[in-house]
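Enquirer: Dropping in run.txt, which is compact mmCIF, N, CA and C atoms:
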# COMPACT_ATOMS: atom_id res chain seq x y z
N MET A 1 109.02 184.31 18.34
CA MET A 1 108.92 185.02 19.60
C MET A 1 110.25 185.75 19.87
N PRO A 2 110.19 186.99 20.34
CA PRO A 2 111.43 187.74 20.59
C PRO A 2 112.31 187.06 21.63
N MET A 3 113.57 187.42 21.64
CA MET A 3 114.51 186.89 22.63
C MET A 3 114.26 187.54 23.99
N LEU A 4 114.76 186.91 25.04
CA LEU A 4 114.55 187.44 26.39
C LEU A 4 115.13 188.84 26.56
N ALA A 5 116.21 189.15 25.86
CA ALA A 5 116.82 190.48 25.97
C ALA A 5 115.84 191.57 25.51
N ASP A 6 114.88 191.18 24.65
CA ASP A 6 113.90 192.12 24.13
C ASP A 6 112.62 192.13 24.97
N ASN A 7 112.66 191.48 26.12
CA ASN A 7 111.49 191.27 26.94
C ASN A 7 111.04 192.56 27.61
N ILE A 8 109.92 193.10 27.17
CA ILE A 8 109.39 194.34 27.73
C ILE A 8 109.02 194.17 29.20
N PHE A 9 108.62 192.96 29.60
CA PHE A 9 108.24 192.75 31.00
C PHE A 9 109.43 192.90 31.94
N LEU A 10 110.60 192.47 31.52
CA LEU A 10 111.79 192.67 32.35
C LEU A 10 112.07 194.15 32.54
N LYS A 11 111.82 194.95 31.51
CA LYS A 11 112.02 196.39 31.61
C LYS A 11 111.00 197.03 32.54
N ILE A 12 109.80 196.46 32.58
CA ILE A 12 108.79 196.96 33.53
C ILE A 12 109.17 196.57 34.95
N ILE A 13 109.64 195.33 35.14
CA ILE A 13 110.06 194.88 36.47
C ILE A 13 111.19 195.75 37.01
N ASP A 14 112.17 196.08 36.16
CA ASP A 14 113.30 196.89 36.65
C ASP A 14 113.03 198.40 36.58
N LYS A 15 111.79 198.75 36.21
CA LYS A 15 111.31 200.15 36.20
C LYS A 15 112.02 201.03 35.16
N SER A 16 112.61 200.39 34.13
CA SER A 16 113.23 201.21 33.09
C SER A 16 112.21 201.72 32.07
N ILE A 17 111.01 201.14 32.07
CA ILE A 17 109.90 201.74 31.33
C ILE A 17 108.69 201.77 32.27
N PRO A 18 107.83 202.78 32.12
CA PRO A 18 106.72 202.93 33.05
C PRO A 18 105.58 201.96 32.79
N ALA A 19 104.82 201.70 33.82
CA ALA A 19 103.60 200.91 33.72
C ALA A 19 102.67 201.37 34.84
N LYS A 20 101.38 201.17 34.62
CA LYS A 20 100.38 201.50 35.64
C LYS A 20 100.24 200.28 36.55
N ILE A 21 101.11 200.21 37.55
CA ILE A 21 101.21 199.05 38.43
C ILE A 21 100.06 199.05 39.44
N VAL A 22 99.43 197.88 39.59
CA VAL A 22 98.35 197.74 40.57
C VAL A 22 98.73 196.79 41.71
N HIS A 23 99.83 196.07 41.55
CA HIS A 23 100.31 195.18 42.62
C HIS A 23 101.78 194.87 42.38
N GLU A 24 102.54 194.83 43.47
CA GLU A 24 103.93 194.37 43.39
C GLU A 24 104.31 193.76 44.73
N ASP A 25 104.97 192.63 44.67
CA ASP A 25 105.54 192.00 45.85
C ASP A 25 106.84 191.32 45.43
N ASP A 26 107.43 190.52 46.29
CA ASP A 26 108.72 189.90 45.99
C ASP A 26 108.65 188.92 44.82
N LEU A 27 107.47 188.35 44.56
CA LEU A 27 107.34 187.30 43.55
C LEU A 27 106.76 187.75 42.21
N CYS A 28 105.94 188.81 42.24
CA CYS A 28 105.26 189.16 41.00
C CYS A 28 104.93 190.65 40.92
N LEU A 29 104.48 191.02 39.74
CA LEU A 29 104.09 192.39 39.44
C LEU A 29 102.82 192.32 38.60
N ALA A 30 101.89 193.22 38.83
CA ALA A 30 100.66 193.29 38.03
C ALA A 30 100.45 194.73 37.59
N PHE A 31 100.05 194.89 36.33
CA PHE A 31 99.88 196.23 35.77
C PHE A 31 98.83 196.20 34.67
N HIS A 32 98.26 197.37 34.39
CA HIS A 32 97.25 197.48 33.35
C HIS A 32 97.90 197.31 31.97
N ASP A 33 97.23 196.54 31.11
CA ASP A 33 97.68 196.32 29.74
C ASP A 33 97.53 197.62 28.95
N ILE A 34 98.52 197.94 28.11
CA ILE A 34 98.44 199.19 27.33
C ILE A 34 97.50 199.05 26.12
N GLY A 35 97.12 197.83 25.78
CA GLY A 35 96.17 197.58 24.69
C GLY A 35 95.04 196.71 25.19
N PRO A 36 94.21 197.23 26.09
CA PRO A 36 93.21 196.38 26.76
C PRO A 36 92.19 195.76 25.81
N LYS A 37 91.82 194.51 26.12
CA LYS A 37 90.82 193.77 25.37
C LYS A 37 89.50 193.71 26.13
N ALA A 38 89.43 194.38 27.26
CA ALA A 38 88.24 194.44 28.09
C ALA A 38 88.35 195.70 28.95
N PRO A 39 87.24 196.14 29.56
CA PRO A 39 87.32 197.32 30.43
C PRO A 39 88.37 197.18 31.53
N VAL A 40 88.55 195.98 32.06
CA VAL A 40 89.64 195.70 32.99
C VAL A 40 90.54 194.67 32.30
N HIS A 41 91.80 195.01 32.12
CA HIS A 41 92.78 194.08 31.52
C HIS A 41 94.11 194.32 32.22
N VAL A 42 94.40 193.43 33.16
CA VAL A 42 95.62 193.51 33.95
C VAL A 42 96.50 192.32 33.61
N LEU A 43 97.79 192.55 33.50
CA LEU A 43 98.76 191.48 33.28
C LEU A 43 99.46 191.18 34.60
N LEU A 44 99.57 189.91 34.92
CA LEU A 44 100.30 189.46 36.11
C LEU A 44 101.51 188.71 35.63
N ILE A 45 102.69 189.12 36.09
CA ILE A 45 103.93 188.50 35.64
C ILE A 45 104.78 188.09 36.84
N PRO A 46 105.37 186.91 36.77
CA PRO A 46 106.33 186.56 37.82
C PRO A 46 107.61 187.34 37.63
N LYS A 47 108.29 187.65 38.71
CA LYS A 47 109.59 188.31 38.59
C LYS A 47 110.65 187.32 38.15
N LYS A 48 110.43 186.04 38.42
CA LYS A 48 111.32 185.00 37.91
C LYS A 48 111.05 184.85 36.42
N VAL A 49 112.09 184.78 35.62
CA VAL A 49 111.90 184.60 34.18
C VAL A 49 111.58 183.14 33.89
N ILE A 50 110.38 182.95 33.37
CA ILE A 50 109.94 181.66 32.85
C ILE A 50 109.43 181.98 31.45
N ARG A 51 110.04 181.44 30.44
CA ARG A 51 109.75 181.84 29.07
C ARG A 51 108.29 181.57 28.67
N THR A 52 107.80 180.36 28.87
CA THR A 52 106.43 180.02 28.51
C THR A 52 105.83 179.10 29.57
N HIS A 53 104.55 178.87 29.48
CA HIS A 53 103.88 177.93 30.37
C HIS A 53 104.49 176.54 30.24
N ALA A 54 104.95 176.19 29.05
CA ALA A 54 105.57 174.88 28.81
C ALA A 54 106.89 174.73 29.56
N ASP A 55 107.46 175.81 30.03
CA ASP A 55 108.75 175.78 30.72
C ASP A 55 108.63 175.73 32.24
N ILE A 56 107.42 175.68 32.77
CA ILE A 56 107.30 175.60 34.23
C ILE A 56 107.75 174.24 34.73
N THR A 57 108.21 174.22 35.97
CA THR A 57 108.68 172.98 36.59
C THR A 57 107.96 172.83 37.94
N PRO A 58 108.08 171.67 38.56
CA PRO A 58 107.49 171.50 39.89
C PRO A 58 108.00 172.55 40.89
N ASP A 59 109.20 173.04 40.70
CA ASP A 59 109.74 174.09 41.58
C ASP A 59 108.96 175.40 41.50
N ASP A 60 108.16 175.57 40.45
CA ASP A 60 107.40 176.80 40.25
C ASP A 60 105.99 176.75 40.85
N ALA A 61 105.64 175.65 41.50
CA ALA A 61 104.28 175.47 41.99
C ALA A 61 103.85 176.58 42.95
N VAL A 62 104.69 176.93 43.90
CA VAL A 62 104.33 177.98 44.86
C VAL A 62 104.16 179.32 44.14
N LEU A 63 105.03 179.63 43.23
CA LEU A 63 104.95 180.88 42.46
C LEU A 63 103.65 180.93 41.66
N LEU A 64 103.31 179.84 40.99
CA LEU A 64 102.09 179.83 40.18
C LEU A 64 100.84 179.94 41.05
N GLY A 65 100.85 179.29 42.19
CA GLY A 65 99.74 179.44 43.13
C GLY A 65 99.62 180.88 43.61
N HIS A 66 100.74 181.50 43.88
CA HIS A 66 100.75 182.90 44.32
C HIS A 66 100.14 183.80 43.25
N LEU A 67 100.47 183.57 41.98
CA LEU A 67 99.89 184.38 40.90
C LEU A 67 98.37 184.28 40.91
N HIS A 68 97.85 183.08 41.15
CA HIS A 68 96.39 182.90 41.18
C HIS A 68 95.77 183.60 42.39
N VAL A 69 96.42 183.54 43.53
CA VAL A 69 95.91 184.24 44.72
C VAL A 69 95.88 185.74 44.46
N VAL A 70 96.95 186.27 43.88
CA VAL A 70 97.00 187.71 43.56
C VAL A 70 95.92 188.06 42.54
N ALA A 71 95.71 187.21 41.54
CA ALA A 71 94.69 187.47 40.53
C ALA A 71 93.30 187.55 41.17
N ALA A 72 93.00 186.64 42.08
CA ALA A 72 91.69 186.66 42.76
C ALA A 72 91.54 187.93 43.60
N ARG A 73 92.58 188.31 44.30
CA ARG A 73 92.53 189.53 45.13
C ARG A 73 92.34 190.77 44.25
N LEU A 74 93.07 190.83 43.13
CA LEU A 74 92.93 191.98 42.23
C LEU A 74 91.54 192.03 41.61
N ALA A 75 91.01 190.87 41.24
CA ALA A 75 89.66 190.83 40.66
C ALA A 75 88.66 191.44 41.63
N ALA A 76 88.77 191.09 42.90
CA ALA A 76 87.87 191.66 43.91
C ALA A 76 88.08 193.17 44.04
N GLN A 77 89.33 193.59 44.10
CA GLN A 77 89.64 195.02 44.25
C GLN A 77 89.19 195.84 43.04
N LEU A 78 89.20 195.22 41.86
CA LEU A 78 88.86 195.93 40.63
C LEU A 78 87.38 195.81 40.27
N GLY A 79 86.58 195.28 41.19
CA GLY A 79 85.13 195.24 41.00
C GLY A 79 84.63 194.15 40.07
N LEU A 80 85.33 193.04 40.01
CA LEU A 80 84.95 191.96 39.09
C LEU A 80 84.23 190.81 39.79
N ALA A 81 83.47 191.12 40.84
CA ALA A 81 82.78 190.08 41.61
C ALA A 81 81.79 189.28 40.76
N ASP A 82 81.31 189.87 39.66
CA ASP A 82 80.35 189.19 38.81
C ASP A 82 81.00 188.24 37.80
N GLY A 83 82.34 188.19 37.78
CA GLY A 83 83.04 187.25 36.91
C GLY A 83 84.19 187.89 36.16
N TYR A 84 85.11 187.04 35.79
CA TYR A 84 86.28 187.50 35.04
C TYR A 84 86.89 186.30 34.33
N ARG A 85 87.87 186.57 33.50
CA ARG A 85 88.57 185.52 32.77
C ARG A 85 90.05 185.65 33.04
N LEU A 86 90.71 184.50 33.24
CA LEU A 86 92.17 184.43 33.34
C LEU A 86 92.66 183.69 32.11
N VAL A 87 93.67 184.25 31.45
CA VAL A 87 94.20 183.65 30.22
C VAL A 87 95.71 183.56 30.32
N VAL A 88 96.24 182.39 29.94
CA VAL A 88 97.68 182.21 29.80
C VAL A 88 97.91 181.67 28.39
N ASN A 89 98.57 182.44 27.56
CA ASN A 89 98.92 182.00 26.21
C ASN A 89 100.29 181.34 26.25
N CYS A 90 100.48 180.32 25.43
CA CYS A 90 101.76 179.60 25.44
C CYS A 90 102.28 179.42 24.03
N GLY A 91 103.41 180.06 23.76
CA GLY A 91 104.07 179.92 22.45
C GLY A 91 103.40 180.73 21.36
N ASP A 92 104.06 180.78 20.23
CA ASP A 92 103.58 181.58 19.10
C ASP A 92 102.18 181.17 18.65
N ARG A 93 101.94 179.88 18.49
CA ARG A 93 100.63 179.41 18.02
C ARG A 93 99.56 179.61 19.08
N GLY A 94 99.95 179.74 20.33
CA GLY A 94 99.00 180.00 21.40
C GLY A 94 98.71 181.47 21.61
N GLY A 95 99.37 182.33 20.82
CA GLY A 95 99.12 183.77 20.91
C GLY A 95 100.04 184.52 21.85
N GLN A 96 101.08 183.86 22.37
CA GLN A 96 102.01 184.54 23.28
C GLN A 96 102.93 185.44 22.48
N THR A 97 102.99 186.72 22.85
CA THR A 97 103.81 187.68 22.11
C THR A 97 105.03 188.17 22.89
N VAL A 98 105.06 187.92 24.20
CA VAL A 98 106.21 188.29 25.03
C VAL A 98 106.77 187.02 25.64
N PRO A 99 108.09 186.78 25.50
CA PRO A 99 108.69 185.54 25.99
C PRO A 99 108.92 185.54 27.50
N HIS A 100 107.83 185.72 28.22
CA HIS A 100 107.86 185.75 29.69
C HIS A 100 106.46 185.32 30.12
N LEU A 101 106.38 184.24 30.86
CA LEU A 101 105.09 183.75 31.33
C LEU A 101 104.28 184.90 31.92
N HIS A 102 103.01 184.99 31.54
CA HIS A 102 102.15 186.02 32.10
C HIS A 102 100.70 185.58 32.04
N MET A 103 99.91 186.18 32.91
CA MET A 103 98.49 185.87 33.02
C MET A 103 97.72 187.15 32.74
N HIS A 104 96.69 187.03 31.91
CA HIS A 104 95.79 188.15 31.64
C HIS A 104 94.58 188.01 32.55
N LEU A 105 94.27 189.06 33.30
CA LEU A 105 93.05 189.15 34.09
C LEU A 105 92.13 190.10 33.34
N LEU A 106 91.03 189.56 32.83
CA LEU A 106 90.11 190.34 31.99
C LEU A 106 88.73 190.36 32.63
N GLY A 107 88.07 191.51 32.62
CA GLY A 107 86.73 191.60 33.17
C GLY A 107 86.05 192.89 32.80
N GLY A 108 84.83 193.04 33.31
CA GLY A 108 84.06 194.24 33.03
C GLY A 108 83.18 194.12 31.81
N ARG A 109 83.11 192.92 31.21
CA ARG A 109 82.20 192.66 30.08
C ARG A 109 81.93 191.17 30.04
N ASP A 110 80.95 190.78 29.23
CA ASP A 110 80.65 189.37 29.05
C ASP A 110 81.66 188.74 28.11
N PHE A 111 81.98 187.48 28.36
CA PHE A 111 82.89 186.72 27.50
C PHE A 111 82.15 185.48 27.00
N GLY A 112 82.34 185.16 25.75
CA GLY A 112 81.73 183.96 25.18
C GLY A 112 82.74 182.84 25.07
N TRP A 113 82.26 181.70 24.60
CA TRP A 113 83.14 180.56 24.37
C TRP A 113 82.72 179.91 23.08
N PRO A 114 83.61 179.56 22.20
CA PRO A 114 85.06 179.72 22.38
C PRO A 114 85.47 181.17 22.17
N PRO A 115 86.64 181.52 22.75
CA PRO A 115 87.12 182.90 22.54
C PRO A 115 87.45 183.11 21.08
N GLY A 116 87.29 184.33 20.64
CA GLY A 116 87.53 184.58 19.22
C GLY A 116 88.54 185.60 18.92
Please go through the file and, once you have read it, give me the structure as structure tokens.

Expert:
Amino acid sequence: MPMLADNIFLKIIDKSIPAKIVHEDDLCLAFHDIGPKAPVHVLLIPKKVIRTHADITPDDAVLLGHLHVVAARLAAQLGLADGYRLVVNCGDRGGQTVPHLHMHLLGGRDFGWPPG
């Protein structure tokens, strides 16, 4: 996994690279994925740097709850009332490619299980 200095999400947060932002507040930022895996594919990232899901602490509980509230609000705004998927990958073997905790909001198509 790349080092934090190579973290593209930090560059999006500080606006040094562009993104199609759909939500921003003091705690998080949400934007459309540049390589979508579904008709709707939004990434939600905390502004606090947390490398992976394994690195969260009890102090992050309010932040993580906030991400879920924002995800639900965005799902409604983006027309996903019929269902959506939230995904958090953790570490290299879990498919995480950016060393910054993030949530994928995916919708606009049917999803099977297990994911493939």

Enquirer: Which one of A:Cys90, A:Ile8, A:Leu106, A:Ala61 sits closest to Leu74 in chain A if you count only C-alpha atoms?

Expert: A:Leu106

Enquirer: Give me, please, the distance in Å between atom C of Ile13 in chain A and atom C of Met103 in chain A, quoted to one decimal.

Expert: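 Between atom C of Ile13 in chain A and atom C of Met103 in chain A the gap is 16.5 Å.
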
Enquirer: Taking the backbone alone, and naming residues the way the document does, which bits of range 2-111 of chain A are strand (DSSP E or B) by DSSP, as a PyMOL selection string?

Expert: chain A and resi 21-24+28-32+40-46+84-87+103-107

Enquirer: Neighbours of Arg51 in chain A within 10 Å (only C-alpha atoms; same-chain residues fewer than 5 positions away dropped), as an mmCIF file with N, CA and C atoms, in the frame of the given file?

Expert:
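To be explicit, this is the file written out as part-v1.cif:
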data_model
loop_
_atom_site.group_PDB
_atom_site.id
_atom_site.type_symbol
_atom_site.label_atom_id
_atom_site.label_comp_id
_atom_site.auth_asym_id
_atom_site.auth_seq_id
_atom_site.Cartn_x
_atom_site.Cartn_y
_atom_site.Cartn_z
ATOM 1 N N MET A 3 113.570 187.420 21.640
ATOM 2 C CA MET A 3 114.510 186.890 22.630
ATOM 3 C C MET A 3 114.260 187.540 23.990
ATOM 4 N N LEU A 4 114.760 186.910 25.040
ATOM 5 C CA LEU A 4 114.550 187.440 26.390
ATOM 6 C C LEU A 4 115.130 188.840 26.560
ATOM 7 N N ASN A 7 112.660 191.480 26.120
ATOM 8 C CA ASN A 7 111.490 191.270 26.940
ATOM 9 C C ASN A 7 111.040 192.560 27.610
ATOM 10 N N ILE A 56 107.420 175.680 32.770
ATOM 11 C CA ILE A 56 107.300 175.600 34.230
ATOM 12 C C ILE A 56 107.750 174.240 34.730
ATOM 13 N N CYS A 90 100.480 180.320 25.430
ATOM 14 C CA CYS A 90 101.760 179.600 25.440
ATOM 15 C C CYS A 90 102.280 179.420 24.030
ATOM 16 N N GLY A 91 103.410 180.060 23.760
ATOM 17 C CA GLY A 91 104.070 179.920 22.450
ATOM 18 C C GLY A 91 103.400 180.730 21.360
ATOM 19 N N VAL A 98 105.060 187.920 24.200
ATOM 20 C CA VAL A 98 106.210 188.290 25.030
ATOM 21 C C VAL A 98 106.770 187.020 25.640
ATOM 22 N N PRO A 99 108.090 186.780 25.500
ATOM 23 C CA PRO A 99 108.690 185.540 25.990
ATOM 24 C C PRO A 99 108.920 185.540 27.500
ATOM 25 N N HIS A 100 107.830 185.720 28.220
ATOM 26 C CA HIS A 100 107.860 185.750 29.690
ATOM 27 C C HIS A 100 106.460 185.320 30.120
ATOM 28 N N LEU A 101 106.380 184.240 30.860
ATOM 29 C CA LEU A 101 105.090 183.750 31.330
ATOM 30 C C LEU A 101 104.280 184.900 31.920
ATOM 31 N N HIS A 102 103.010 184.990 31.540
ATOM 32 C CA HIS A 102 102.150 186.020 32.100
ATOM 33 C C HIS A 102 100.700 185.580 32.040
#

Enquirer: Please report the interatomic distance between CA of Val42 in chain A and CA of Asp55 in chain A in Å with one decimal.

Expert: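 That distance, rounded to one decimal, is 22.3 Å.
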
Enquirer: If we count only C-alpha atoms, what is near range 79-88 of chain A at a cut-off of 9 Å, once residues fewer than 3 positions away on the same chain are taken out, given as an mmCIF file with N, CA and C atoms, in the coordinates of the input?

Expert:
data_model
loop_
_atom_site.group_PDB
_atom_site.id
_atom_site.type_symbol
_atom_site.label_atom_id
_atom_site.label_comp_id
_atom_site.auth_asym_id
_atom_site.auth_seq_id
_atom_site.Cartn_x
_atom_site.Cartn_y
_atom_site.Cartn_z
ATOM 1 N N VAL A 40 88.550 195.980 32.060
ATOM 2 C CA VAL A 40 89.640 195.700 32.990
ATOM 3 C C VAL A 40 90.540 194.670 32.300
ATOM 4 N N HIS A 53 104.550 178.870 29.480
ATOM 5 C CA HIS A 53 103.880 177.930 30.370
ATOM 6 C C HIS A 53 104.490 176.540 30.240
ATOM 7 N N ALA A 71 95.710 187.210 41.540
ATOM 8 C CA ALA A 71 94.690 187.470 40.530
ATOM 9 C C ALA A 71 93.300 187.550 41.170
ATOM 10 N N LEU A 74 93.070 190.830 43.130
ATOM 11 C CA LEU A 74 92.930 191.980 42.230
ATOM 12 C C LEU A 74 91.540 192.030 41.610
ATOM 13 N N ALA A 75 91.010 190.870 41.240
ATOM 14 C CA ALA A 75 89.660 190.830 40.660
ATOM 15 C C ALA A 75 88.660 191.440 41.630
ATOM 16 N N ALA A 76 88.770 191.090 42.900
ATOM 17 C CA ALA A 76 87.870 191.660 43.910
ATOM 18 C C ALA A 76 88.080 193.170 44.040
ATOM 19 N N GLY A 94 99.950 179.740 20.330
ATOM 20 C CA GLY A 94 99.000 180.000 21.400
ATOM 21 C C GLY A 94 98.710 181.470 21.610
ATOM 22 N N GLN A 96 101.080 183.860 22.370
ATOM 23 C CA GLN A 96 102.010 184.540 23.280
ATOM 24 C C GLN A 96 102.930 185.440 22.480
ATOM 25 N N LEU A 101 106.380 184.240 30.860
ATOM 26 C CA LEU A 101 105.090 183.750 31.330
ATOM 27 C C LEU A 101 104.280 184.900 31.920
ATOM 28 N N HIS A 102 103.010 184.990 31.540
ATOM 29 C CA HIS A 102 102.150 186.020 32.100
ATOM 30 C C HIS A 102 100.700 185.580 32.040
ATOM 31 N N MET A 103 99.910 186.180 32.910
ATOM 32 C CA MET A 103 98.490 185.870 33.020
ATOM 33 C C MET A 103 97.720 187.150 32.740
ATOM 34 N N HIS A 104 96.690 187.030 31.910
ATOM 35 C CA HIS A 104 95.790 188.150 31.640
ATOM 36 C C HIS A 104 94.580 188.010 32.550
ATOM 37 N N LEU A 105 94.270 189.060 33.300
ATOM 38 C CA LEU A 105 93.050 189.150 34.090
ATOM 39 C C LEU A 105 92.130 190.100 33.340
ATOM 40 N N LEU A 106 91.030 189.560 32.830
ATOM 41 C CA LEU A 106 90.110 190.340 31.990
ATOM 42 C C LEU A 106 88.730 190.360 32.630
ATOM 43 N N GLY A 107 88.070 191.510 32.620
ATOM 44 C CA GLY A 107 86.730 191.600 33.170
ATOM 45 C C GLY A 107 86.050 192.890 32.800
ATOM 46 N N GLY A 108 84.830 193.040 33.310
ATOM 47 C CA GLY A 108 84.060 194.240 33.030
ATOM 48 C C GLY A 108 83.180 194.120 31.810
ATOM 49 N N ARG A 109 83.110 192.920 31.210
ATOM 50 C CA ARG A 109 82.200 192.660 30.080
ATOM 51 C C ARG A 109 81.930 191.170 30.040
ATOM 52 N N ASP A 110 80.950 190.780 29.230
ATOM 53 C CA ASP A 110 80.650 189.370 29.050
ATOM 54 C C ASP A 110 81.660 188.740 28.110
ATOM 55 N N PHE A 111 81.980 187.480 28.360
ATOM 56 C CA PHE A 111 82.890 186.720 27.500
ATOM 57 C C PHE A 111 82.150 185.480 27.000
#

Enquirer: Would you return as a VMD selection string the members of range 9-55 of chain A that DSSP assigns to helix (DSSP H, G or I) on this structure's backbone?

Expert: chain A and resid 9 to 13 53 to 55

Enquirer: Using only N, CA and C atoms, please write the residues we just selected to a file, as a tab-separated table (two decimals), keeping the file's coordinate frame.

Expert:
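Below is the file part-v1.tsv, written as the result:
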chain	number	residue	atom	x	y	z
A	9	PHE	N	108.62	192.96	29.60
A	9	PHE	CA	108.24	192.75	31.00
A	9	PHE	C	109.43	192.90	31.94
A	10	LEU	N	110.60	192.47	31.52
A	10	LEU	CA	111.79	192.67	32.35
A	10	LEU	C	112.07	194.15	32.54
A	11	LYS	N	111.82	194.95	31.51
A	11	LYS	CA	112.02	196.39	31.61
A	11	LYS	C	111.00	197.03	32.54
A	12	ILE	N	109.80	196.46	32.58
A	12	ILE	CA	108.79	196.96	33.53
A	12	ILE	C	109.17	196.57	34.95
A	13	ILE	N	109.64	195.33	35.14
A	13	ILE	CA	110.06	194.88	36.47
A	13	ILE	C	111.19	195.75	37.01
A	53	HIS	N	104.55	178.87	29.48
A	53	HIS	CA	103.88	177.93	30.37
A	53	HIS	C	104.49	176.54	30.24
A	54	ALA	N	104.95	176.19	29.05
A	54	ALA	CA	105.57	174.88	28.81
A	54	ALA	C	106.89	174.73	29.56
A	55	ASP	N	107.46	175.81	30.03
A	55	ASP	CA	108.75	175.78	30.72
A	55	ASP	C	108.63	175.73	32.24
